[in-house]
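Here is the structure we will look at.
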Amino acid sequence: MARIIGAIATSHVPSIGGAIAKGLQKDPYWKPFFDAFDPVHDWLARNKPDVAVVIYNDHGLNFFLDQMPTFAVGAAESYTNADEGWGLPVRPPYAGDSELSWQIIDKVMAQDFDLVTCQEMQVDHAFVVPMQLLWPDGGAKAIPAVPVTINSIQHPLPRAERCFRFGQAIGRAIESFPRDCKVVLLATGGLSHQLDGTRAGFINKEFDLWCMDKIVNDPQALASLTTKEIIEKAGSQGVELMCWIAMRGAMQGHVSAAFSKYHIPVSNTGGAVMVFDHEPVVHRLAAE
Amino acid sequence: MARIIGAIATSHVPSIGGAIAKGLQKDPYWKPFFDAFDPVHDWLARNKPDVAVVIYNDHGLNFFLDQMPTFAVGAAESYTNADEGWGLPVRPPYAGDSELSWQIIDKVMAQDFDLVTCQEMQVDHAFVVPMQLLWPDGGAKAIPAVPVTINSIQHPLPRAERCFRFGQAIGRAIESFPRDCKVVLLATGGLSHQLDGTRAGFINKEFDLWCMDKIVNDPQALASLTTKEIIEKAGSQGVELMCWIAMRGAMQGHVSAAFSKYHIPVSNTGGAVMVFDHEPVVHRLAAE
Amino acid sequence: MDDQFNIPGTPIFDGTQARKGYALNKMCYSFNDELNRKTFLADEEAYMRTYGLSEPQKEAIRHRNVLELIAAGGNIYYLAKFAGIFGLGVQDVGAQQTGMSLEAFKEMLTAHGH
Amino acid sequence: MDDQFNIPGTPIFDGTQARKGYALNKMCYSFNDELNRKTFLADEEAYMRTYGLSEPQKEAIRHRNVLELIAAGGNIYYLAKFAGIFGLGVQDVGAQQTGMSLEAFKEMLTAHGH
Ligand SMILES: [Fe+3]
Ligand SMILES: [Fe+3]
């Protein structure tokens, strides 16, 4: 059976991709951010996940307002990146895992989530930048992935509680997947930032640190936030926190933080990287 | 406040549109089917609804498998018809009601349904044929409409129970709409039919008549059906019954059948037309 | 997922079929557009290559055989657009799948009313 | 729906804004494609007409003014693609909206770390 071995949460701002393209990883502005990924690479080398489920938000590459999904799941054999309009180099395609995609689709629909299924899907910087950060050697070296998106563009957004339960449904779907494999969850986005309006540039370190604390031991505190509270405290694009909340929902065993780093600012954003170990309930029971 | 005054459910097979285009309404094959709409026109003339919410399934005009929604709600100012590949004349656009669309989107999302919103949307025969049947004088004469679609192409389909509760959520959304207007629901599709496989041509009159009975006074009997049961009893395309079930869910006051007609076959389909009167709960309470 | 419903003579278009049939269904979906229908008719083989159809899908298209097309992952709603190119409707498609003449198929439908 | 959140300086892209801004956002979404960016630059007025922009939307585009674009229904994620045409990033966009110089805006961001 498949097992969720842990999760990695990280910011995904496009300028990270720009810095990678220009080789600025050792530049004084970027070094503290990129250095935080050394322990993440160690964790990946030690734990060797086979496949990733990447929960992120599309920023207007694959989806437009003519057909705007709340929750979408990729079900393709591979996923192409593409021009987003601001000059980031287009990355080579990433491999999918359509068997796991359909496992998630079948089992999550059965739990009353109303999915959009995408047998073709372009992945934007919010998928590609984290994949580059975790597997710097490129698309072919990265493990296969299933992209899952949460609308963060157009209100009404799904409530934090709904995203948490969406994650729970994904977790149950993965853990009933008959293939013997190790799954890592990725959550991308956030933390606090605001790009629009006269409050643009808003960052809330105190709230970000509170989120990074609660997400380990008290995720219900995050799931209970209203969308208005999240926007007040994390800025209008801070709603990307929903992706972290869904990721956390998927881990219903014992969760501990293996690594955690907060760094302000990454572009306009409170930049955060966290790695979580997960011991699924069934395995804990078996060991007792 | 808006009020749901009733509903109309009807088959939507493309050949009805073909018969209209060729002026075959008085042809012996078609006359019994078209004559059933005289009392429906009388009902419309008596009750004068202001706006329609049309629950149907797209057959591969607006949606493809690259991005396949479970539940989608149109949010456009108007909706165009288009070529579906088999020579039906393309109908002029139908007016939308985007205020009511957003009322439904906002309130149904708040009830934990994960909608796709469509600010641009092409409507296929499953929308257009019923509109032609109800308002034969054409698009400009028809009342404005909000299209709502339910996936009936790709499994997993939403369960009947989920569709019923989706309808309930839509009903609550409409009845909390502050505009003073009379809303009629349309459900299109069915009843029993199967287009694919060696069981193609399957029609189940007994089951259809059972559905037409239960939908008035015991809708939970329909909502409790599994997808497998519906396909066994109504054929693989008989899952269009989901649209009827959602429509019925939206009427939570007192429902009575104003008119009902069953006619086999309409093309490959058990052809059914029903008109429902609906007395909303709040109005009944006020009258007591 | 297997065809968990297992209803005789009744294909279920689930994830397994959707994966298998994507190229075929995408080609058929393109037939909503008249220009695409004409391009297909002008050079069927080239059109099928453009959409990357598998060999069994190409064979099924060449045979205009609906059961083969379904076995190759085709969904009936998209296949109907392929049939539409040749002026065939759902009754023709039903007759072909059941091995009946069109007249016999229509009579069978009418008989359901009694 | 009104802006039910009412958070100072914080636009909410809800149904009201989505309805108002559809043409503008559709145009900006088209800027994912390099050819469209070039076509726009070659004749901005013609391109805006093609997408059916309202007069306030056209004015906001002519002014390259982000707050005006948001007031006209623009969503920041699509507007970022418009800004990208001129090589402007989210920090330039932030500086413009807050009335700060780019340097002052960046300093403000860095100050949040302390
Ligand atoms: Fe983002
Ligand atoms: Fe149909």
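By convention here, the chains of the structure tokens are called A, B, ... in the order presented, each chain's residues are numbered starting at 1, and ligands are numbered starting at 1 in the order presented.
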
Under the rule of at most 9 Å, produce a per-residue listing of chain B near ligand 2: chain, number, name, the closest pair of atoms, and the distance in Å, as CSV, using only C-alpha atoms and all ligand atoms.
```
residue,atom,partner,partner_atom_place_in_ligand_line,distance
B:Ser11,CA,ligand 2,1 (Fe),7.8
B:His12,CA,ligand 2,1 (Fe),6.1
B:Val13,CA,ligand 2,1 (Fe),5.8
B:Pro14,CA,ligand 2,1 (Fe),7.9
B:Tyr56,CA,ligand 2,1 (Fe),8.4
B:Asn57,CA,ligand 2,1 (Fe),6.9
B:Asp58,CA,ligand 2,1 (Fe),7.8
B:His59,CA,ligand 2,1 (Fe),6.8
B:His125,CA,ligand 2,1 (Fe),8.1
B:Ala126,CA,ligand 2,1 (Fe),6.2
B:Ser152,CA,ligand 2,1 (Fe),8.7
B:Thr188,CA,ligand 2,1 (Fe),8.0
B:Gly189,CA,ligand 2,1 (Fe),5.3
B:Gly190,CA,ligand 2,1 (Fe),6.7
B:Gln237,CA,ligand 2,1 (Fe),7.0
B:Gly238,CA,ligand 2,1 (Fe),8.5
B:Glu240,CA,ligand 2,1 (Fe),6.7
```

Would you list the contacts of Val73 (chain A) as a PDB file with N, CA, C and O atoms, in the first residue's frame, taking every protein, DNA or RNA residue within 9 Å and counting only C-alpha atoms, but skipping same-chain residues closer than 3 positions in sequence?
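Output contents, as saved in selection-v7.pdb:
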```pdb
ATOM      1  N   SER A 101      -3.302   9.615  -9.935  1.00  0.00           N
ATOM      2  CA  SER A 101      -4.305  10.671 -10.201  1.00  0.00           C
ATOM      3  C   SER A 101      -5.715  10.105 -10.124  1.00  0.00           C
ATOM      4  O   SER A 101      -6.587  10.676  -9.457  1.00  0.00           O
ATOM      5  N   TRP A 102      -5.936   8.979 -10.804  1.00  0.00           N
ATOM      6  CA  TRP A 102      -7.302   8.440 -10.832  1.00  0.00           C
ATOM      7  C   TRP A 102      -7.706   7.843  -9.498  1.00  0.00           C
ATOM      8  O   TRP A 102      -8.899   7.870  -9.144  1.00  0.00           O
ATOM      9  N   ILE A 104      -6.880   9.194  -6.697  1.00  0.00           N
ATOM     10  CA  ILE A 104      -7.306  10.384  -5.944  1.00  0.00           C
ATOM     11  C   ILE A 104      -8.671  10.853  -6.450  1.00  0.00           C
ATOM     12  O   ILE A 104      -9.579  11.143  -5.666  1.00  0.00           O
ATOM     13  N   ILE A 105      -8.839  10.906  -7.760  1.00  0.00           N
ATOM     14  CA  ILE A 105     -10.111  11.376  -8.322  1.00  0.00           C
ATOM     15  C   ILE A 105     -11.260  10.480  -7.860  1.00  0.00           C
ATOM     16  O   ILE A 105     -12.288  10.973  -7.352  1.00  0.00           O
ATOM     17  N   LEU A 115     -14.829  17.520  -8.076  1.00  0.00           N
ATOM     18  CA  LEU A 115     -13.557  17.802  -8.736  1.00  0.00           C
ATOM     19  C   LEU A 115     -13.713  18.181 -10.198  1.00  0.00           C
ATOM     20  O   LEU A 115     -14.665  17.776 -10.868  1.00  0.00           O
ATOM     21  N   VAL A 116     -12.710  18.899 -10.674  1.00  0.00           N
ATOM     22  CA  VAL A 116     -12.438  19.032 -12.099  1.00  0.00           C
ATOM     23  C   VAL A 116     -11.261  18.113 -12.397  1.00  0.00           C
ATOM     24  O   VAL A 116     -10.252  18.150 -11.685  1.00  0.00           O
ATOM     25  N   THR A 117     -11.385  17.273 -13.428  1.00  0.00           N
ATOM     26  CA  THR A 117     -10.286  16.385 -13.807  1.00  0.00           C
ATOM     27  C   THR A 117      -9.630  16.927 -15.068  1.00  0.00           C
ATOM     28  O   THR A 117     -10.312  17.341 -16.006  1.00  0.00           O
ATOM     29  N   CYS A 118      -8.301  16.895 -15.094  1.00  0.00           N
ATOM     30  CA  CYS A 118      -7.551  17.521 -16.186  1.00  0.00           C
ATOM     31  C   CYS A 118      -6.621  16.509 -16.825  1.00  0.00           C
ATOM     32  O   CYS A 118      -5.529  16.261 -16.326  1.00  0.00           O
ATOM     33  N   GLN A 119      -7.041  15.959 -17.961  1.00  0.00           N
ATOM     34  CA  GLN A 119      -6.180  15.008 -18.657  1.00  0.00           C
ATOM     35  C   GLN A 119      -5.100  15.709 -19.466  1.00  0.00           C
ATOM     36  O   GLN A 119      -4.232  15.042 -20.040  1.00  0.00           O
ATOM     37  N   VAL A 146       1.633  14.436  -9.130  1.00  0.00           N
ATOM     38  CA  VAL A 146       0.220  14.686  -9.422  1.00  0.00           C
ATOM     39  C   VAL A 146      -0.098  16.113  -8.980  1.00  0.00           C
ATOM     40  O   VAL A 146      -0.030  16.418  -7.787  1.00  0.00           O
ATOM     41  N   PRO A 147      -0.423  17.002  -9.920  1.00  0.00           N
ATOM     42  CA  PRO A 147      -0.774  18.370  -9.546  1.00  0.00           C
ATOM     43  C   PRO A 147      -2.228  18.474  -9.087  1.00  0.00           C
ATOM     44  O   PRO A 147      -3.124  17.887  -9.701  1.00  0.00           O
ATOM     45  N   VAL A 148      -2.418  19.196  -8.003  1.00  0.00           N
ATOM     46  CA  VAL A 148      -3.755  19.456  -7.464  1.00  0.00           C
ATOM     47  C   VAL A 148      -3.852  20.958  -7.240  1.00  0.00           C
ATOM     48  O   VAL A 148      -2.973  21.533  -6.590  1.00  0.00           O
ATOM     49  N   THR A 149      -4.878  21.593  -7.796  1.00  0.00           N
ATOM     50  CA  THR A 149      -4.961  23.048  -7.645  1.00  0.00           C
ATOM     51  C   THR A 149      -6.167  23.474  -6.809  1.00  0.00           C
ATOM     52  O   THR A 149      -7.206  22.802  -6.787  1.00  0.00           O
TER      53      THR A 149
END
```

*asked:* As an exercise, work out the distance from CA of Phe276 (chain B) to CA of Asn217 (chain B) in Å and give it to one decimal place.
replied: 11.2 Å

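Minimum atom-to-atom distances from B:Ile16, B:Val108, B:Val51, B:Ala45 to chain A were compared using only C-alpha atoms, and the lowest value belongs to B:Val108.
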
*Find the residues around Pro265 (chain A) up to 8 Å (only C-alpha atoms counted), leave out those fewer than 2 positions away in its own chain, and share them as an MDAnalysis selection string.*
(chainID A and resid 263 267:271) or (chainID D and resid 109:110 112:113)

*asked:* Show me, as JSON, numbers by chain, every residue of chain D with an atom at most 7 Å from chain A, counting only C-alpha atoms.
replied: {"D": [5, 7, 9, 10, 11, 13, 14, 15, 29, 31, 32, 33, 67, 76, 77, 78, 81, 84, 85, 87, 90, 91, 94, 97, 98, 109, 110, 112, 113]}

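Using only C-alpha atoms and all ligand atoms, the shortest contact distance between ligand 1 and any of A:Pro130, A:Pro219, A:Val275, A:Leu185 is found at A:Pro130.
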
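Between CA of Ala187 (chain B) and CA of Arg159 (chain B) the interatomic distance comes to 16.8 Å.
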
*Write out as a PyMOL selection string the residues lying within 10 Å of Leu102 (chain D), counting only C-alpha atoms and excluding same-chain residues fewer than 6 positions away.*
chain D and resi 91-96+108

Kindly save the residues from that selection, with N, CA, C and O atoms included, as a PDB file, in the first residue's frame.
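Wrote it out as selection_29.pdb, contents follow:
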```
ATOM      1  N   GLN D  91       7.188  43.994  -7.632  1.00  0.00           N
ATOM      2  CA  GLN D  91       7.665  45.076  -6.766  1.00  0.00           C
ATOM      3  C   GLN D  91       7.434  46.438  -7.426  1.00  0.00           C
ATOM      4  O   GLN D  91       7.063  47.401  -6.752  1.00  0.00           O
ATOM      5  N   ASP D  92       7.620  46.498  -8.734  1.00  0.00           N
ATOM      6  CA  ASP D  92       7.281  47.742  -9.452  1.00  0.00           C
ATOM      7  C   ASP D  92       5.799  48.053  -9.297  1.00  0.00           C
ATOM      8  O   ASP D  92       5.399  49.197  -9.068  1.00  0.00           O
ATOM      9  N   VAL D  93       4.993  47.009  -9.434  1.00  0.00           N
ATOM     10  CA  VAL D  93       3.546  47.168  -9.338  1.00  0.00           C
ATOM     11  C   VAL D  93       3.157  47.616  -7.922  1.00  0.00           C
ATOM     12  O   VAL D  93       2.288  48.465  -7.741  1.00  0.00           O
ATOM     13  N   GLY D  94       3.828  47.056  -6.934  1.00  0.00           N
ATOM     14  CA  GLY D  94       3.574  47.448  -5.545  1.00  0.00           C
ATOM     15  C   GLY D  94       3.972  48.889  -5.293  1.00  0.00           C
ATOM     16  O   GLY D  94       3.240  49.651  -4.641  1.00  0.00           O
ATOM     17  N   ALA D  95       5.130  49.274  -5.816  1.00  0.00           N
ATOM     18  CA  ALA D  95       5.602  50.644  -5.631  1.00  0.00           C
ATOM     19  C   ALA D  95       4.616  51.628  -6.252  1.00  0.00           C
ATOM     20  O   ALA D  95       4.239  52.629  -5.632  1.00  0.00           O
ATOM     21  N   GLN D  96       4.155  51.311  -7.464  1.00  0.00           N
ATOM     22  CA  GLN D  96       3.219  52.225  -8.125  1.00  0.00           C
ATOM     23  C   GLN D  96       1.942  52.397  -7.314  1.00  0.00           C
ATOM     24  O   GLN D  96       1.458  53.507  -7.123  1.00  0.00           O
ATOM     25  N   MET D 108      10.916  48.863   2.518  1.00  0.00           N
ATOM     26  CA  MET D 108       9.758  48.572   3.367  1.00  0.00           C
ATOM     27  C   MET D 108       9.575  47.052   3.515  1.00  0.00           C
ATOM     28  O   MET D 108       9.334  46.541   4.618  1.00  0.00           O
TER      29      MET D 108
END
```

*From a DSSP pass on the backbone, collect the residues of chain C flagged as alpha helix (DSSP H) and hand them back as a PyMOL selection string.*
chain C and resi 15-30+34-42+44-50+55-63+66-71+76-85+90-98+102-111

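All residues of region 55-200 of chain A that DSSP, run on the backbone, classes as strand (DSSP E or B) are Ile55, Tyr56, Met68, Phe71, Ala72, Val73, Gly74, Ser78, Tyr79, Thr80, Tyr94, Ala95, Val116, Thr117, Cys118, Gln122, Ala145, Val146, Pro147, Val148, Thr149, Ile150, Lys182, Val183, Val184, Leu185, Leu186, Ala187 and Thr188 of chain A.
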
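Distance-wise, CA of Glu44 (chain C) and CA of Gln122 (chain A) end up 28.6 Å apart.
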